[in-house]
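Participant: To be precise about what I am sending: the file is called run-v2.cif and holds mmCIF, C-alpha atoms.
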data_input
loop_
_atom_site.group_PDB
_atom_site.id
_atom_site.type_symbol
_atom_site.label_atom_id
_atom_site.label_comp_id
_atom_site.auth_asym_id
_atom_site.auth_seq_id
_atom_site.Cartn_x
_atom_site.Cartn_y
_atom_site.Cartn_z
ATOM 1 C CA MET A 4 11.259 44.728 110.675
ATOM 2 C CA PRO A 5 10.352 42.900 113.882
ATOM 3 C CA ILE A 6 7.457 40.514 113.341
ATOM 4 C CA LEU A 7 5.627 41.922 116.381
ATOM 5 C CA LEU A 8 5.710 45.424 114.879
ATOM 6 C CA PHE A 9 4.389 44.078 111.580
ATOM 7 C CA TYR A 10 1.444 42.385 113.308
ATOM 8 C CA PHE A 11 0.737 45.549 115.308
ATOM 9 C CA LEU A 12 0.682 47.738 112.178
ATOM 10 C CA ALA A 13 -1.415 45.186 110.270
ATOM 11 C CA ALA A 14 -3.912 44.974 113.152
ATOM 12 C CA LEU A 15 -4.016 48.787 113.360
ATOM 13 C CA THR A 16 -4.717 49.078 109.631
ATOM 14 C CA LEU A 17 -7.381 46.361 109.631
ATOM 15 C CA GLY A 18 -8.997 47.584 112.857
ATOM 16 C CA PHE A 19 -9.442 51.133 111.608
ATOM 17 C CA GLY A 20 -10.542 49.758 108.219
ATOM 18 C CA LEU A 21 -13.269 47.817 110.013
ATOM 19 C CA MET A 22 -14.327 50.974 111.849
ATOM 20 C CA VAL A 23 -14.764 52.710 108.487
ATOM 21 C CA VAL A 24 -17.635 50.390 107.584
ATOM 22 C CA THR A 25 -19.102 49.810 111.072
ATOM 23 C CA ALA A 26 -19.095 53.284 112.661
ATOM 24 C CA ARG A 27 -22.301 55.284 112.326
ATOM 25 C CA ASN A 28 -20.808 58.774 112.613
ATOM 26 C CA PRO A 29 -19.445 59.939 109.231
ATOM 27 C CA VAL A 30 -16.646 61.957 110.829
ATOM 28 C CA THR A 31 -15.524 58.893 112.796
ATOM 29 C CA CYS A 32 -15.542 56.886 109.568
ATOM 30 C CA ALA A 33 -13.408 59.491 107.784
ATOM 31 C CA LEU A 34 -10.887 59.744 110.626
ATOM 32 C CA SER A 35 -10.716 55.942 110.851
ATOM 33 C CA LEU A 36 -9.938 55.850 107.136
ATOM 34 C CA ALA A 37 -7.118 58.350 107.707
ATOM 35 C CA MET A 38 -5.649 56.202 110.487
ATOM 36 C CA SER A 39 -5.927 53.128 108.261
ATOM 37 C CA PHE A 40 -3.945 54.998 105.595
ATOM 38 C CA VAL A 41 -1.272 55.901 108.170
ATOM 39 C CA GLY A 42 -0.933 52.254 109.217
ATOM 40 C CA LEU A 43 -0.638 51.229 105.572
ATOM 41 C CA ALA A 44 2.032 53.886 105.016
ATOM 42 C CA ALA A 45 3.996 52.507 107.976
ATOM 43 C CA LEU A 46 3.853 49.048 106.398
ATOM 44 C CA PHE A 47 5.145 50.461 103.098
ATOM 45 C CA ILE A 48 8.001 52.248 104.869
ATOM 46 C CA SER A 49 8.930 49.046 106.687
ATOM 47 C CA LEU A 50 9.294 47.378 103.264
ATOM 48 C CA ASP A 51 11.801 50.082 102.181
ATOM 49 C CA ALA A 52 9.191 51.689 99.906
ATOM 50 C CA TYR A 53 9.783 55.179 101.290
ATOM 51 C CA PHE A 54 8.338 57.061 98.344
ATOM 52 C CA ILE A 55 5.057 55.117 98.320
ATOM 53 C CA GLY A 56 4.768 55.422 102.108
ATOM 54 C CA THR A 57 5.294 59.169 101.969
ATOM 55 C CA ILE A 58 2.820 59.591 99.125
ATOM 56 C CA GLN A 59 0.326 57.439 101.054
ATOM 57 C CA ILE A 60 0.428 59.922 103.932
ATOM 58 C CA LEU A 61 0.599 63.122 101.870
ATOM 59 C CA VAL A 62 -1.991 62.278 99.217
ATOM 60 C CA TYR A 63 -4.423 59.888 100.858
ATOM 61 C CA ALA A 64 -4.244 60.640 104.569
ATOM 62 C CA GLY A 65 -3.692 64.330 103.859
ATOM 63 C CA ALA A 66 -5.419 65.720 100.822
ATOM 64 C CA VAL A 67 -8.153 63.120 100.280
ATOM 65 C CA MET A 68 -9.138 62.969 103.938
ATOM 66 C CA VAL A 69 -9.263 66.766 104.176
ATOM 67 C CA LEU A 70 -11.537 66.729 101.132
ATOM 68 C CA PHE A 71 -13.759 64.039 102.709
ATOM 69 C CA LEU A 72 -14.003 65.891 106.012
ATOM 70 C CA PHE A 73 -14.692 69.164 104.199
ATOM 71 C CA ILE A 74 -17.561 67.584 102.275
ATOM 72 C CA ILE A 75 -18.928 65.848 105.384
ATOM 73 C CA MET A 76 -18.889 69.078 107.361
ATOM 74 C CA LEU A 77 -20.282 71.059 104.427
ATOM 75 C CA LEU A 78 -23.208 68.706 103.873
ATOM 76 C CA ASP A 79 -23.877 68.434 107.648
ATOM 77 C CA ILE A 80 -24.586 64.697 107.561
ATOM 78 C CA GLN A 81 -26.393 63.538 110.678
ATOM 79 C CA VAL A 82 -25.581 60.426 112.702
ATOM 80 C CA GLU A 83 -27.670 57.444 111.625
ATOM 81 C CA SER A 84 -28.276 56.036 115.099
ATOM 82 C CA ASP A 85 -31.996 55.319 114.611
ATOM 83 C CA LYS A 86 -31.574 53.483 111.324
ATOM 84 C CA LYS A 87 -31.470 49.673 111.588
ATOM 85 C CA PRO A 88 -28.951 47.770 109.456
ATOM 86 C CA ASN A 89 -30.202 45.896 106.401
ATOM 87 C CA LEU A 90 -29.864 42.169 107.188
ATOM 88 C CA ALA A 91 -29.444 41.141 103.533
ATOM 89 C CA ALA A 92 -26.647 43.666 103.051
ATOM 90 C CA VAL A 93 -24.842 42.488 106.196
ATOM 91 C CA ILE A 94 -25.059 38.815 105.165
ATOM 92 C CA GLY A 95 -23.954 39.658 101.625
ATOM 93 C CA GLY A 96 -20.978 41.609 102.968
ATOM 94 C CA ILE A 97 -19.921 38.730 105.226
ATOM 95 C CA VAL A 98 -20.182 36.226 102.364
ATOM 96 C CA LEU A 99 -18.211 38.524 100.049
ATOM 97 C CA ALA A 100 -15.502 39.026 102.714
ATOM 98 C CA ALA A 101 -15.244 35.240 103.206
ATOM 99 C CA VAL A 102 -14.901 34.642 99.443
ATOM 100 C CA LEU A 103 -12.208 37.323 99.236
ATOM 101 C CA ALA A 104 -10.324 35.790 102.188
ATOM 102 C CA VAL A 105 -10.407 32.346 100.532
ATOM 103 C CA GLN A 106 -9.129 33.804 97.248
ATOM 104 C CA VAL A 107 -6.282 35.687 98.951
ATOM 105 C CA ALA A 108 -5.287 32.581 100.944
ATOM 106 C CA THR A 109 -5.346 30.408 97.812
ATOM 107 C CA ILE A 110 -3.221 32.797 95.778
ATOM 108 C CA SER A 111 -0.807 33.502 98.649
ATOM 109 C CA SER A 112 -0.185 29.812 99.278
ATOM 110 C CA SER A 113 0.740 29.173 95.642
ATOM 111 C CA LEU A 114 3.244 32.053 95.314
ATOM 112 C CA SER A 115 6.873 31.833 96.377
ATOM 113 C CA LEU A 116 7.676 35.552 96.097
ATOM 114 C CA GLY A 117 8.022 35.884 99.872
ATOM 115 C CA ASP A 118 11.263 33.894 99.744
ATOM 116 C CA LYS A 119 13.101 36.842 98.190
ATOM 117 C CA THR A 120 14.129 40.016 99.980
ATOM 118 C CA THR A 121 15.102 43.420 98.634
ATOM 119 C CA SER A 122 18.767 42.555 99.136
ATOM 120 C CA ASP A 123 18.432 39.564 96.768
ATOM 121 C CA VAL A 124 16.454 41.102 93.913
ATOM 122 C CA ALA A 125 18.070 43.086 91.124
ATOM 123 C CA LEU A 126 16.281 46.201 89.908
ATOM 124 C CA THR A 127 15.833 46.557 86.159
ATOM 125 C CA LEU A 128 14.920 50.032 84.945
ATOM 126 C CA GLN A 129 13.213 50.768 81.660
ATOM 127 C CA LYS A 130 14.026 53.608 79.313
ATOM 128 C CA VAL A 131 11.914 56.757 79.375
ATOM 129 C CA GLY A 132 11.996 58.051 75.818
ATOM 130 C CA THR A 133 15.554 57.786 74.535
ATOM 131 C CA GLU A 134 17.401 57.974 77.866
ATOM 132 C CA MET A 135 17.548 55.789 80.949
ATOM 133 C CA ALA A 136 15.576 57.433 83.713
ATOM 134 C CA THR A 137 18.388 57.119 86.255
ATOM 135 C CA GLY A 138 21.400 57.125 83.972
ATOM 136 C CA LYS A 139 22.093 53.511 84.947
ATOM 137 C CA GLY A 140 21.069 50.138 83.625
ATOM 138 C CA ASN A 141 20.489 47.326 86.075
ATOM 139 C CA LEU A 142 21.051 48.177 89.724
ATOM 140 C CA PRO A 143 22.471 45.259 91.712
ATOM 141 C CA THR A 144 20.099 45.261 94.689
ATOM 142 C CA ILE A 145 17.299 47.493 95.888
ATOM 143 C CA SER A 146 18.049 47.708 99.614
ATOM 144 C CA ASN A 147 21.791 48.360 99.193
ATOM 145 C CA ASP A 148 21.054 51.222 96.788
ATOM 146 C CA LEU A 149 18.436 52.663 99.130
ATOM 147 C CA LYS A 150 20.924 52.663 102.009
ATOM 148 C CA ALA A 151 23.634 54.190 99.837
ATOM 149 C CA GLY A 152 21.232 56.819 98.510
ATOM 150 C CA THR A 153 21.936 55.951 94.886
ATOM 151 C CA LEU A 154 18.454 54.711 94.041
ATOM 152 C CA PRO A 155 16.493 57.728 92.767
ATOM 153 C CA ASP A 156 13.044 56.321 93.464
ATOM 154 C CA ALA A 157 11.346 59.712 93.765
ATOM 155 C CA LYS A 158 13.181 61.001 90.683
ATOM 156 C CA LEU A 159 12.286 57.901 88.674
ATOM 157 C CA MET A 160 8.636 58.168 89.713
ATOM 158 C CA GLY A 161 8.541 61.891 88.921
ATOM 159 C CA LEU A 162 10.077 61.411 85.489
ATOM 160 C CA THR A 163 7.619 58.631 84.685
ATOM 161 C CA LEU A 164 4.609 60.616 85.886
ATOM 162 C CA PHE A 165 5.412 63.933 84.273
ATOM 163 C CA LYS A 166 6.972 62.708 81.011
ATOM 164 C CA GLN A 167 4.564 59.885 80.176
ATOM 165 C CA TYR A 168 1.416 60.753 82.146
ATOM 166 C CA GLY A 169 1.433 64.549 82.406
ATOM 167 C CA PHE A 170 -1.891 64.971 80.618
ATOM 168 C CA HIS A 171 -3.534 62.336 82.832
ATOM 169 C CA LEU A 172 -2.411 64.175 85.975
ATOM 170 C CA GLN A 173 -3.909 67.412 84.662
ATOM 171 C CA VAL A 174 -7.230 65.697 83.921
ATOM 172 C CA ILE A 175 -7.364 64.201 87.443
ATOM 173 C CA GLY A 176 -6.697 67.621 88.973
ATOM 174 C CA LEU A 177 -9.467 69.136 86.849
ATOM 175 C CA LEU A 178 -11.906 66.384 87.879
ATOM 176 C CA LEU A 179 -11.151 66.978 91.570
ATOM 177 C CA LEU A 180 -11.741 70.702 91.116
ATOM 178 C CA VAL A 181 -15.045 70.133 89.289
ATOM 179 C CA GLY A 182 -16.153 67.669 91.985
ATOM 180 C CA THR A 183 -15.402 70.132 94.776
ATOM 181 C CA VAL A 184 -17.214 72.990 93.028
ATOM 182 C CA GLY A 185 -20.154 70.665 92.304
ATOM 183 C CA VAL A 186 -20.479 69.707 95.983
ATOM 184 C CA VAL A 187 -20.480 73.354 97.045
ATOM 185 C CA VAL A 188 -23.138 74.254 94.444
ATOM 186 C CA LEU A 189 -25.354 71.281 95.336
ATOM 187 C CA SER A 190 -25.129 71.918 99.076
ATOM 188 C CA LYS A 191 -26.049 75.605 98.669
ATOM 189 C CA ARG A 192 -29.017 74.661 96.468
ATOM 190 C CA GLU A 193 -30.329 72.192 99.088
ATOM 191 C CA LYS A 194 -30.018 74.777 101.863
ATOM 192 C CA GLU A 195 -31.943 77.364 99.797
ATOM 193 C CA VAL A 196 -34.730 74.843 99.080
ATOM 194 C CA ALA A 197 -34.949 73.917 102.771
ATOM 195 C CA ARG A 198 -35.521 77.567 103.738
#
Any chance you could put this one into structure tokens?

Facilitator:
Amino acid sequence: MPILLFYFLAALTLGFGLMVVTARNPVTCALSLAMSFVGLAALFISLDAYFIGTIQILVYAGAVMVLFLFIIMLLDIQVESDKKPNLAAVIGGIVLAAVLAVQVATISSSLSLGDKTTSDVALTLQKVGTEMATGKGNLPTISNDLKAGTLPDAKLMGLTLFKQYGFHLQVIGLLLLVGTVGVVVLSKREKEVAR
């Protein structure tokens, strides 16, 4: 990946992430969050993590953002242009962001993981139940197998999710359904009280 493209995508992701917390219109915040997810997905794809990049767009930028926009439109949230920002909250947020930046810089400077690339690192797969998830043991390199099409990343992820965490996925789906129904019921109750 060209370094200029990386900096562009990183700036796009961070810029829209900043708009999420600074914009006053809730719809603008939600759309900025979607664009931040798209920039993050592009960064994942540039690192040869095609499955995670695709899921980032489909799940987060797609389904979650549609749910956010649906709830925002359903609740009819007004723009908070007259409300003044809380000075203590702004100062606390700046201090917290500075502490986080110092921690990330400290940890990043002590790690040497950036010296390795996907063409240098061997991929070790674990067994799912009694069989190897891909039918292979250690794959020689990640990027060569991605180019050759022999690395079943989506298949490996699907087997792991549905064999080991099938119940957890069902519970998450049920919670999302209950949350959506709850929002609809609460919004209808508030509109009836307002009449």

Participant: How many Å lie between atom CA of A:Gly18 and atom CA of A:Met38, rounded to one decimal?

Facilitator: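 Distance between the two atoms: 9.5 Å.
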
Participant: Could you check the closest approach to A:Val187 for each of A:Gly42, A:Ile75, A:Ala13, A:Thr25 and tell me which residue wins, using all atoms listed in the file?

Facilitator: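 The answer is A:Ile75, which sits nearest to A:Val187.
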
Participant: Hey, which of A:Ile97, A:Leu17, A:Leu34, A:Leu70 ends up closest to A:Leu46? Count all atoms listed in the file.

Facilitator: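 Among A:Ile97, A:Leu17, A:Leu34, A:Leu70, it is A:Leu17 that comes nearest to A:Leu46.
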
Participant: Could you work out how far atom CA of A:Thr183 lies from atom CA of A:Gly65, giving the answer in Å with one decimal?

Facilitator: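 The value is 15.9 Å.
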
Participant: As a check of understanding, name the residues that the PyMOL selection byres ((chain A and resi 12) around 8) selects in the supplied structure, as a list in words.

Facilitator: Leu8, Phe9, Tyr10, Phe11, Ala13, Ala14, Leu15, Thr16, Gly42, Leu43, Ala45 and Leu46 of chain A

Participant: Can you work out the spacing between atom CA of A:Ile58 and atom CA of A:Phe73 in Å, to one decimal?

Facilitator: 20.6 Å

Participant: Which residues match the PyMOL selection byres ((chain A and resi 55) around 12) in the file above, as an MDAnalysis selection string?

Facilitator: chainID A and resid 40:41 43:54 56:63 156:157 160

Participant: Which residues come within 12 Å of stretch 174-180 of chain A, counting all atoms listed in the file, excluding same-chain residues fewer than 5 positions away, as JSON, numbers by chain?

Facilitator: {"A": [66, 67, 70, 71, 168, 169, 185, 186, 187]}
